[in-house]
Amino acid sequence: MVIDGNTRAGDDERYMLEAVKEAARAAEEGEVPVGAVIVKDGQIIARAHNRIEASRRSSAHAEMLALEAAEEKLGAKWLTGATMYVTLEPCSMCAGAMVLARIARLVIGTDDPKTGACGSLYNIASDERLNHSIEITRGVLAEECSALLKEFFRSRR
């Protein structure tokens, strides 16, 4: 699929598949299956999955870990021009961190109507009152992302 004369949709699916792989790793480790990948200049610069249980840290969300890894790799606090791919809509903590890191674009697999802060419950990522807003694309590989979560929670009941 081509959007605006480029292959953005194809790239979005390709990079979201990498985030899905991270989410699957999380599930294998007994973590809620959320995966994140950060891309800058056509290269994956960071990838992560939830590590809350393993680290015993409430902030060890896939997005937070990916932001930390990307900032370390680039040696910068701002990730201007970078895109984050995440399988589940980020919460308020993660959305706020993305705004502070100056992520340019966010690609979301599936929405989170309970805690989503990028359009579902709140919209921190695109709140014009803040000093930065993030372009958001939703629903990329939504079925795959949602299926991972549903299967994980079904297996826990």
# chains A, B, ... in the order shown; residues from 1 in each chain; ligands from 1
call {"tool": "residues_around", "arguments": {"residues": "Val86 of chain A", "least_positions_apart": "2", "cutoff": "6 Å", "atoms": "only C-alpha atoms", "output": "PyMOL selection string"}}
result
chain A and resi 35-36+88+108
call {"tool": "residues_around", "arguments": {"residues": "Lys114 of chain A", "least_positions_apart": "2", "cutoff": "12 Å", "atoms": "only C-alpha atoms", "output": "list in words"}}
result
Leu88, Glu89, Pro90, Cys91, Ser92, Asp111, Asp112, Gly116, Ala117, Cys118, Gly119, Ser120, Leu121 and Tyr122 of chain A
call {"tool": "closest_atom_pairs", "arguments": {"of": "segment 27-87 of chain A", "to": "segment 129-149 of chain A", "cutoff": "9 Å", "atoms": "only C-alpha atoms", "output": "tab-separated table"}}
result
residue	atom	partner	partner_atom	distance
A:Ala27	CA	A:Leu148	CA	8.1
A:Val32	CA	A:Leu149	CA	7.2
A:Pro33	CA	A:Leu149	CA	6.0
A:Val34	CA	A:Leu149	CA	8.0
A:Thr87	CA	A:Cys145	CA	5.4
call {"tool": "closest_residue", "arguments": {"among": "A:Ala66, A:Arg57, A:Asp127, A:Ile44", "to": "Gly96 of chain A", "atoms": "only C-alpha atoms"}}
result
A:Asp127
call {"tool": "closest_residue", "arguments": {"among": "A:Leu100, A:Met16, A:Lys21, A:Ile45", "to": "Glu72 of chain A", "atoms": "only C-alpha atoms"}}
result
A:Ile45
call {"tool": "closest_residue", "arguments": {"among": "A:Glu68, A:Gly75, A:Gly30, A:Arg14", "to": "Ala48 of chain A", "atoms": "only C-alpha atoms"}}
result
A:Glu68
call {"tool": "closest_residue", "arguments": {"among": "A:Ala62, A:Glu31, A:Val107, A:Ile38", "to": "Arg8 of chain A", "atoms": "only C-alpha atoms"}}
result
A:Val107
call {"tool": "select_by_dssp", "arguments": {"residues": "segment 63-103 of chain A", "states": "strand (DSSP E)", "output": "PyMOL selection string"}}
result
chain A and resi 83-88
call {"tool": "closest_residue", "arguments": {"among": "A:Glu128, A:Glu22, A:Asp12, A:Glu71", "to": "Ile103 of chain A", "atoms": "only C-alpha atoms"}}
result
A:Glu71
